[in-house]
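Listing of protein_12.cif; format and content: mmCIF, N, CA and C atoms.
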data_structure
loop_
_atom_site.label_atom_id
_atom_site.label_comp_id
_atom_site.auth_asym_id
_atom_site.auth_seq_id
_atom_site.Cartn_x
_atom_site.Cartn_y
_atom_site.Cartn_z
N GLY A 293 53.94 -77.70 -73.10
CA GLY A 293 54.42 -77.18 -71.83
C GLY A 293 53.33 -76.45 -71.06
N ARG A 294 53.62 -76.14 -69.80
CA ARG A 294 52.66 -75.45 -68.95
C ARG A 294 52.50 -74.00 -69.39
N ARG A 295 51.26 -73.57 -69.43
CA ARG A 295 50.99 -72.18 -69.82
C ARG A 295 51.44 -71.22 -68.72
N GLU A 296 51.84 -70.05 -69.14
CA GLU A 296 52.24 -68.98 -68.20
C GLU A 296 51.03 -68.57 -67.35
N ALA A 297 51.24 -68.47 -66.05
CA ALA A 297 50.18 -68.01 -65.15
C ALA A 297 50.10 -66.48 -65.23
N TYR A 298 48.90 -65.94 -65.26
CA TYR A 298 48.72 -64.50 -65.29
C TYR A 298 47.32 -64.15 -64.82
N LEU A 299 47.16 -62.90 -64.39
CA LEU A 299 45.84 -62.39 -64.08
C LEU A 299 45.53 -61.25 -65.03
N CYS A 300 44.26 -60.94 -65.17
CA CYS A 300 43.83 -59.85 -66.04
C CYS A 300 42.99 -58.86 -65.24
N LEU A 301 43.31 -57.59 -65.40
CA LEU A 301 42.49 -56.51 -64.86
C LEU A 301 41.69 -55.98 -66.04
N ILE A 302 40.37 -55.97 -65.90
CA ILE A 302 39.52 -55.46 -66.98
C ILE A 302 39.47 -53.94 -66.86
N VAL A 303 40.01 -53.27 -67.87
CA VAL A 303 40.06 -51.80 -67.87
C VAL A 303 38.77 -51.24 -68.47
N LYS A 304 38.31 -51.89 -69.54
CA LYS A 304 37.13 -51.41 -70.27
C LYS A 304 36.44 -52.62 -70.88
N GLY A 305 35.12 -52.63 -70.88
CA GLY A 305 34.39 -53.72 -71.52
C GLY A 305 33.74 -54.66 -70.53
N GLN A 306 33.36 -55.83 -71.02
CA GLN A 306 32.61 -56.80 -70.22
C GLN A 306 32.94 -58.20 -70.73
N VAL A 307 33.12 -59.14 -69.79
CA VAL A 307 33.37 -60.53 -70.17
C VAL A 307 32.37 -61.44 -69.47
N SER A 308 32.11 -62.59 -70.08
CA SER A 308 31.32 -63.64 -69.43
C SER A 308 32.30 -64.66 -68.86
N ILE A 309 31.96 -65.19 -67.68
CA ILE A 309 32.78 -66.23 -67.06
C ILE A 309 32.10 -67.56 -67.36
N ILE A 310 32.85 -68.45 -67.98
CA ILE A 310 32.32 -69.72 -68.45
C ILE A 310 32.98 -70.86 -67.69
N LYS A 311 32.15 -71.75 -67.15
CA LYS A 311 32.65 -72.92 -66.42
C LYS A 311 32.34 -74.15 -67.26
N GLU A 312 33.36 -74.98 -67.46
CA GLU A 312 33.14 -76.20 -68.23
C GLU A 312 33.12 -77.38 -67.27
N GLY A 313 31.92 -77.88 -67.00
CA GLY A 313 31.76 -79.02 -66.10
C GLY A 313 32.20 -80.30 -66.79
N THR A 314 32.41 -81.35 -66.02
CA THR A 314 32.82 -82.64 -66.60
C THR A 314 31.65 -83.22 -67.39
N GLY A 315 31.85 -83.35 -68.68
CA GLY A 315 30.83 -83.94 -69.55
C GLY A 315 29.64 -83.05 -69.85
N ASN A 316 29.56 -81.89 -69.22
CA ASN A 316 28.44 -80.97 -69.45
C ASN A 316 28.83 -79.90 -70.45
N ALA A 317 27.82 -79.30 -71.07
CA ALA A 317 28.09 -78.18 -71.96
C ALA A 317 28.59 -77.01 -71.11
N PRO A 318 29.48 -76.17 -71.67
CA PRO A 318 29.96 -75.00 -70.93
C PRO A 318 28.77 -74.15 -70.46
N LYS A 319 28.88 -73.60 -69.25
CA LYS A 319 27.79 -72.83 -68.65
C LYS A 319 28.30 -71.46 -68.22
N ARG A 320 27.52 -70.43 -68.52
CA ARG A 320 27.87 -69.07 -68.08
C ARG A 320 27.53 -68.94 -66.61
N ILE A 321 28.54 -68.64 -65.79
CA ILE A 321 28.31 -68.57 -64.34
C ILE A 321 28.37 -67.15 -63.80
N GLY A 322 28.69 -66.19 -64.68
CA GLY A 322 28.74 -64.81 -64.21
C GLY A 322 29.35 -63.91 -65.26
N SER A 323 29.57 -62.67 -64.86
CA SER A 323 30.20 -61.72 -65.77
C SER A 323 31.10 -60.80 -64.95
N ALA A 324 31.96 -60.09 -65.64
CA ALA A 324 32.87 -59.15 -64.99
C ALA A 324 33.07 -57.95 -65.90
N GLY A 325 33.15 -56.78 -65.29
CA GLY A 325 33.33 -55.56 -66.06
C GLY A 325 34.54 -54.78 -65.57
N ALA A 326 34.62 -53.54 -65.99
CA ALA A 326 35.75 -52.67 -65.67
C ALA A 326 36.04 -52.65 -64.17
N GLY A 327 37.32 -52.77 -63.84
CA GLY A 327 37.74 -52.75 -62.44
C GLY A 327 37.86 -54.13 -61.82
N ARG A 328 37.30 -55.15 -62.47
CA ARG A 328 37.37 -56.51 -61.91
C ARG A 328 38.65 -57.21 -62.35
N ILE A 329 39.13 -58.10 -61.50
CA ILE A 329 40.29 -58.93 -61.80
C ILE A 329 39.79 -60.35 -62.05
N VAL A 330 40.33 -61.00 -63.08
CA VAL A 330 40.03 -62.42 -63.32
C VAL A 330 41.35 -63.16 -63.50
N GLY A 331 41.33 -64.44 -63.17
CA GLY A 331 42.52 -65.28 -63.35
C GLY A 331 43.54 -65.19 -62.24
N GLU A 332 43.15 -64.56 -61.13
CA GLU A 332 44.13 -64.35 -60.05
C GLU A 332 44.55 -65.64 -59.36
N MET A 333 43.66 -66.65 -59.34
CA MET A 333 44.00 -67.89 -58.63
C MET A 333 45.16 -68.62 -59.27
N SER A 334 45.21 -68.65 -60.61
CA SER A 334 46.32 -69.36 -61.26
C SER A 334 47.65 -68.63 -61.04
N LEU A 335 47.58 -67.32 -60.84
CA LEU A 335 48.81 -66.57 -60.54
C LEU A 335 49.34 -66.95 -59.16
N VAL A 336 48.42 -67.18 -58.22
CA VAL A 336 48.79 -67.52 -56.85
C VAL A 336 49.23 -68.98 -56.72
N ASP A 337 48.42 -69.91 -57.28
CA ASP A 337 48.72 -71.33 -57.03
C ASP A 337 49.33 -72.08 -58.21
N GLY A 338 49.40 -71.45 -59.38
CA GLY A 338 50.01 -72.09 -60.54
C GLY A 338 49.21 -73.25 -61.11
N GLU A 339 48.00 -73.47 -60.60
CA GLU A 339 47.16 -74.59 -61.07
C GLU A 339 46.43 -74.18 -62.35
N PRO A 340 45.92 -75.18 -63.09
CA PRO A 340 45.14 -74.85 -64.29
C PRO A 340 43.93 -74.00 -63.93
N ARG A 341 43.47 -73.21 -64.86
CA ARG A 341 42.33 -72.32 -64.61
C ARG A 341 41.05 -73.13 -64.37
N SER A 342 40.19 -72.58 -63.50
CA SER A 342 38.95 -73.28 -63.16
C SER A 342 37.78 -72.79 -64.02
N ALA A 343 38.00 -71.73 -64.80
CA ALA A 343 36.96 -71.18 -65.66
C ALA A 343 37.63 -70.42 -66.80
N SER A 344 36.84 -70.09 -67.81
CA SER A 344 37.32 -69.30 -68.95
C SER A 344 36.53 -68.00 -69.00
N VAL A 345 37.07 -67.01 -69.69
CA VAL A 345 36.30 -65.79 -69.93
C VAL A 345 36.21 -65.54 -71.43
N VAL A 346 35.08 -64.99 -71.84
CA VAL A 346 34.83 -64.65 -73.24
C VAL A 346 34.35 -63.20 -73.26
N ALA A 347 34.97 -62.38 -74.10
CA ALA A 347 34.58 -60.97 -74.19
C ALA A 347 33.18 -60.85 -74.79
N ASP A 348 32.31 -60.09 -74.14
CA ASP A 348 30.95 -59.84 -74.63
C ASP A 348 30.91 -58.62 -75.55
N GLU A 349 31.96 -57.82 -75.47
CA GLU A 349 32.06 -56.57 -76.25
C GLU A 349 33.54 -56.24 -76.35
N PRO A 350 33.93 -55.26 -77.17
CA PRO A 350 35.36 -54.91 -77.20
C PRO A 350 35.85 -54.61 -75.77
N THR A 351 36.90 -55.30 -75.37
CA THR A 351 37.36 -55.25 -73.98
C THR A 351 38.86 -54.97 -73.93
N THR A 352 39.27 -54.10 -73.01
CA THR A 352 40.69 -53.80 -72.81
C THR A 352 41.13 -54.41 -71.49
N LEU A 353 42.21 -55.17 -71.53
CA LEU A 353 42.73 -55.85 -70.34
C LEU A 353 44.16 -55.41 -70.06
N VAL A 354 44.53 -55.38 -68.78
CA VAL A 354 45.93 -55.25 -68.39
C VAL A 354 46.30 -56.62 -67.83
N ILE A 355 47.38 -57.20 -68.34
CA ILE A 355 47.78 -58.53 -67.93
C ILE A 355 49.02 -58.46 -67.05
N LEU A 356 48.97 -59.17 -65.91
CA LEU A 356 50.13 -59.28 -65.03
C LEU A 356 50.53 -60.76 -65.01
N THR A 357 51.70 -61.07 -65.58
CA THR A 357 52.19 -62.44 -65.60
C THR A 357 52.89 -62.77 -64.29
N ALA A 358 53.09 -64.06 -64.04
CA ALA A 358 53.82 -64.49 -62.85
C ALA A 358 55.24 -63.91 -62.88
N GLU A 359 55.84 -63.90 -64.06
CA GLU A 359 57.19 -63.33 -64.21
C GLU A 359 57.18 -61.84 -63.90
N GLY A 360 56.18 -61.13 -64.40
CA GLY A 360 56.04 -59.70 -64.14
C GLY A 360 55.83 -59.44 -62.66
N PHE A 361 55.01 -60.28 -62.01
CA PHE A 361 54.76 -60.11 -60.58
C PHE A 361 56.04 -60.35 -59.78
N SER A 362 56.82 -61.34 -60.22
CA SER A 362 58.09 -61.64 -59.56
C SER A 362 59.04 -60.44 -59.66
N ARG A 363 59.05 -59.80 -60.84
CA ARG A 363 59.89 -58.62 -61.06
C ARG A 363 59.43 -57.46 -60.17
N VAL A 364 58.11 -57.24 -60.11
CA VAL A 364 57.55 -56.19 -59.26
C VAL A 364 57.93 -56.46 -57.80
N SER A 365 57.87 -57.74 -57.40
CA SER A 365 58.18 -58.12 -56.02
C SER A 365 59.59 -57.72 -55.62
N SER A 366 60.55 -57.89 -56.55
CA SER A 366 61.92 -57.54 -56.19
C SER A 366 62.22 -56.05 -56.39
N GLU A 367 61.54 -55.41 -57.35
CA GLU A 367 61.85 -54.01 -57.64
C GLU A 367 60.99 -53.02 -56.83
N VAL A 368 59.72 -53.37 -56.61
CA VAL A 368 58.80 -52.48 -55.88
C VAL A 368 58.00 -53.32 -54.87
N PRO A 369 58.67 -53.80 -53.81
CA PRO A 369 58.01 -54.71 -52.87
C PRO A 369 56.70 -54.19 -52.30
N ARG A 370 56.61 -52.88 -52.05
CA ARG A 370 55.37 -52.32 -51.48
C ARG A 370 54.20 -52.48 -52.43
N LEU A 371 54.45 -52.34 -53.73
CA LEU A 371 53.40 -52.52 -54.72
C LEU A 371 52.99 -54.00 -54.77
N ALA A 372 53.96 -54.89 -54.70
CA ALA A 372 53.67 -56.33 -54.70
C ALA A 372 52.78 -56.72 -53.53
N VAL A 373 53.06 -56.14 -52.36
CA VAL A 373 52.25 -56.42 -51.17
C VAL A 373 50.82 -55.92 -51.39
N LYS A 374 50.67 -54.72 -51.98
CA LYS A 374 49.33 -54.18 -52.27
C LYS A 374 48.57 -55.11 -53.21
N ILE A 375 49.25 -55.59 -54.25
CA ILE A 375 48.62 -56.49 -55.22
C ILE A 375 48.19 -57.78 -54.52
N LEU A 376 49.07 -58.35 -53.69
CA LEU A 376 48.75 -59.59 -52.97
C LEU A 376 47.58 -59.40 -52.02
N LEU A 377 47.53 -58.26 -51.34
CA LEU A 377 46.40 -57.99 -50.44
C LEU A 377 45.09 -57.90 -51.22
N LYS A 378 45.13 -57.25 -52.38
CA LYS A 378 43.94 -57.14 -53.23
C LYS A 378 43.47 -58.53 -53.68
N ILE A 379 44.44 -59.35 -54.12
CA ILE A 379 44.11 -60.72 -54.56
C ILE A 379 43.54 -61.53 -53.39
N SER A 380 44.17 -61.43 -52.22
CA SER A 380 43.71 -62.17 -51.04
C SER A 380 42.28 -61.79 -50.67
N LYS A 381 42.01 -60.49 -50.71
CA LYS A 381 40.67 -59.99 -50.38
C LYS A 381 39.64 -60.54 -51.38
N LEU A 382 40.02 -60.52 -52.64
CA LEU A 382 39.15 -61.01 -53.71
C LEU A 382 38.83 -62.50 -53.52
N ILE A 383 39.87 -63.30 -53.27
CA ILE A 383 39.67 -64.74 -53.09
C ILE A 383 38.81 -65.00 -51.86
N SER A 384 39.06 -64.24 -50.78
CA SER A 384 38.29 -64.39 -49.55
C SER A 384 36.81 -64.07 -49.79
N GLN A 385 36.53 -62.97 -50.50
CA GLN A 385 35.14 -62.59 -50.80
C GLN A 385 34.45 -63.67 -51.62
N ARG A 386 35.16 -64.20 -52.63
CA ARG A 386 34.56 -65.23 -53.48
C ARG A 386 34.31 -66.51 -52.69
N LEU A 387 35.22 -66.83 -51.78
CA LEU A 387 35.06 -68.03 -50.95
C LEU A 387 33.84 -67.89 -50.04
N ARG A 388 33.66 -66.70 -49.46
CA ARG A 388 32.50 -66.45 -48.61
C ARG A 388 31.20 -66.58 -49.41
N GLN A 389 31.19 -66.03 -50.64
CA GLN A 389 30.00 -66.12 -51.50
C GLN A 389 29.69 -67.58 -51.81
N THR A 390 30.74 -68.33 -52.15
CA THR A 390 30.59 -69.75 -52.49
C THR A 390 30.07 -70.52 -51.29
N SER A 391 30.64 -70.26 -50.10
CA SER A 391 30.21 -70.93 -48.88
C SER A 391 28.73 -70.64 -48.61
N GLY A 392 28.34 -69.38 -48.77
CA GLY A 392 26.94 -69.00 -48.56
C GLY A 392 26.02 -69.70 -49.54
N ALA A 393 26.43 -69.75 -50.81
CA ALA A 393 25.62 -70.40 -51.84
C ALA A 393 25.50 -71.90 -51.56
N LEU A 394 26.59 -72.49 -51.06
CA LEU A 394 26.61 -73.92 -50.75
C LEU A 394 25.66 -74.22 -49.60
N VAL A 395 25.69 -73.37 -48.56
CA VAL A 395 24.79 -73.55 -47.41
C VAL A 395 23.34 -73.44 -47.87
N ASP A 396 23.06 -72.43 -48.72
CA ASP A 396 21.69 -72.26 -49.25
C ASP A 396 21.26 -73.50 -50.03
N HIS A 397 22.19 -74.02 -50.84
CA HIS A 397 21.90 -75.18 -51.69
C HIS A 397 21.62 -76.41 -50.82
N ILE A 398 22.45 -76.64 -49.81
CA ILE A 398 22.29 -77.80 -48.93
C ILE A 398 21.01 -77.67 -48.11
N GLY A 399 20.78 -76.43 -47.62
CA GLY A 399 19.60 -76.18 -46.79
C GLY A 399 18.30 -76.22 -47.57
N GLY A 400 18.38 -75.97 -48.90
CA GLY A 400 17.16 -75.88 -49.72
C GLY A 400 16.67 -77.21 -50.05
#

Using the file provided, produce a representation of the structure as structure tokens.
Amino acid sequence: GRREAYLCLIVKGQVSIIKEGTGNAPKRIGSAGAGRIVGEMSLVDGEPRSASVVADEPTTLVILTAEGFSRVSSEVPRLAVKILLKISKLISQRLRQTSGALVDHIGG
């Protein structure tokens, strides 16, 4: 069956972000530490994850499942809106970075 969609807030520690290309060996594409959110896209669109994370050191995470977010939405709508705004801002920032990197790559 389909895995539960969720995002993780890194409270303590550090993770590596690993991208598995088609037919290529997994590649480390970045890292994330305390205060960063990972996995937010699957919570929003329900699609399979585009990358994996591996803990580089003992790491503490807070997990928000789609079911949990749905419950927050009905019980504390203002908090749900804050979470959605944070996720939207995050996705927008990452999209801008990707667009910039793509332009640099094409122009280079």

### Task
Could you check how far atom C of Leu299 of chain A sits from atom CA of Ile329 of chain A, in Å to one decimal?
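A separation of 6.6 Å between them.
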
Skipping near chain neighbours, those fewer than 4 positions away, what residues fall within 7 Å of segment 333-337 of chain A using only C-alpha atoms, listed as an mmCIF file with N, CA and C atoms, in the frame of the given file?
data_model
loop_
_atom_site.group_PDB
_atom_site.id
_atom_site.type_symbol
_atom_site.label_atom_id
_atom_site.label_comp_id
_atom_site.auth_asym_id
_atom_site.auth_seq_id
_atom_site.Cartn_x
_atom_site.Cartn_y
_atom_site.Cartn_z
ATOM 1 N N ALA A 297 51.240 -68.470 -66.050
ATOM 2 C CA ALA A 297 50.180 -68.010 -65.150
ATOM 3 C C ALA A 297 50.100 -66.480 -65.230
ATOM 4 N N TYR A 298 48.900 -65.940 -65.260
ATOM 5 C CA TYR A 298 48.720 -64.500 -65.290
ATOM 6 C C TYR A 298 47.320 -64.150 -64.820
ATOM 7 N N LEU A 299 47.160 -62.900 -64.390
ATOM 8 C CA LEU A 299 45.840 -62.390 -64.080
ATOM 9 C C LEU A 299 45.530 -61.250 -65.030
ATOM 10 N N ARG A 341 43.470 -73.210 -64.860
ATOM 11 C CA ARG A 341 42.330 -72.320 -64.610
ATOM 12 C C ARG A 341 41.050 -73.130 -64.370
ATOM 13 N N ALA A 358 53.090 -64.060 -64.040
ATOM 14 C CA ALA A 358 53.820 -64.490 -62.850
ATOM 15 C C ALA A 358 55.240 -63.910 -62.880
#

Taking all listed atoms of segment 336-353 of chain A, build the axis-aligned box, pad each of the six sides by 6 Å, then write its centre and edge lengths in Å to one decimal as lines of an AutoDock Vina configuration file.
center_x = 40.5
center_y = -64.5
center_z = -67.0
size_x = 31.1
size_y = 33.4
size_z = 32.5

### Query
Mind pulling up the distance from atom C of Val373 of chain A to atom CA of Thr390 of chain A?
24.5 Å

### Query
Contacts of Lys311 of chain A at 6.5 Å or less, counting only N, CA and C atoms, minus same-chain residues fewer than 4 places along, as a count of residues only?
8

### Query
When the PyMOL selection byres (((chain A and resi 306 and name CA) around 8) and name CA) is applied to the file above, which residues end up in the set, as a PyMOL selection string?
chain A and resi 302+304-305+307-308+323-326+347-351

### Message
as number ranges by chain, please: every residue in segment 296-400 of chain A that a backbone DSSP assignment puts in strand (DSSP E or B).
### Response
A: 298-304, 306-311, 319-325, 329-330, 344-347, 352-357

### Task
Mind giving me the straight-line distance from atom C of Pro340 of chain A to atom CA of Ile379 of chain A in Å, one decimal?
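Separation of atom C of Pro340 of chain A and atom CA of Ile379 of chain A: 16.3 Å.
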
### Query
chain A: which residues are alpha helix (DSSP H) by DSSP, as a ChimeraX atom specification?
/A:332-337,358-367,369-399

### Message
Ranking A:Glu296, A:Gly322, A:Glu332, A:Asn316 by minimum distance to Leu382 of chain A and counting only C-alpha atoms, which one comes first?
### Response
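Once distances to Leu382 of chain A are computed over only C-alpha atoms, the minimum belongs to A:Glu332.
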
### Task
Pick out the closest residue to Leu356 of chain A from this set: A:Val395, A:Gly313, A:Arg388, A:Cys300. Count only N, CA and C atoms.
A:Cys300
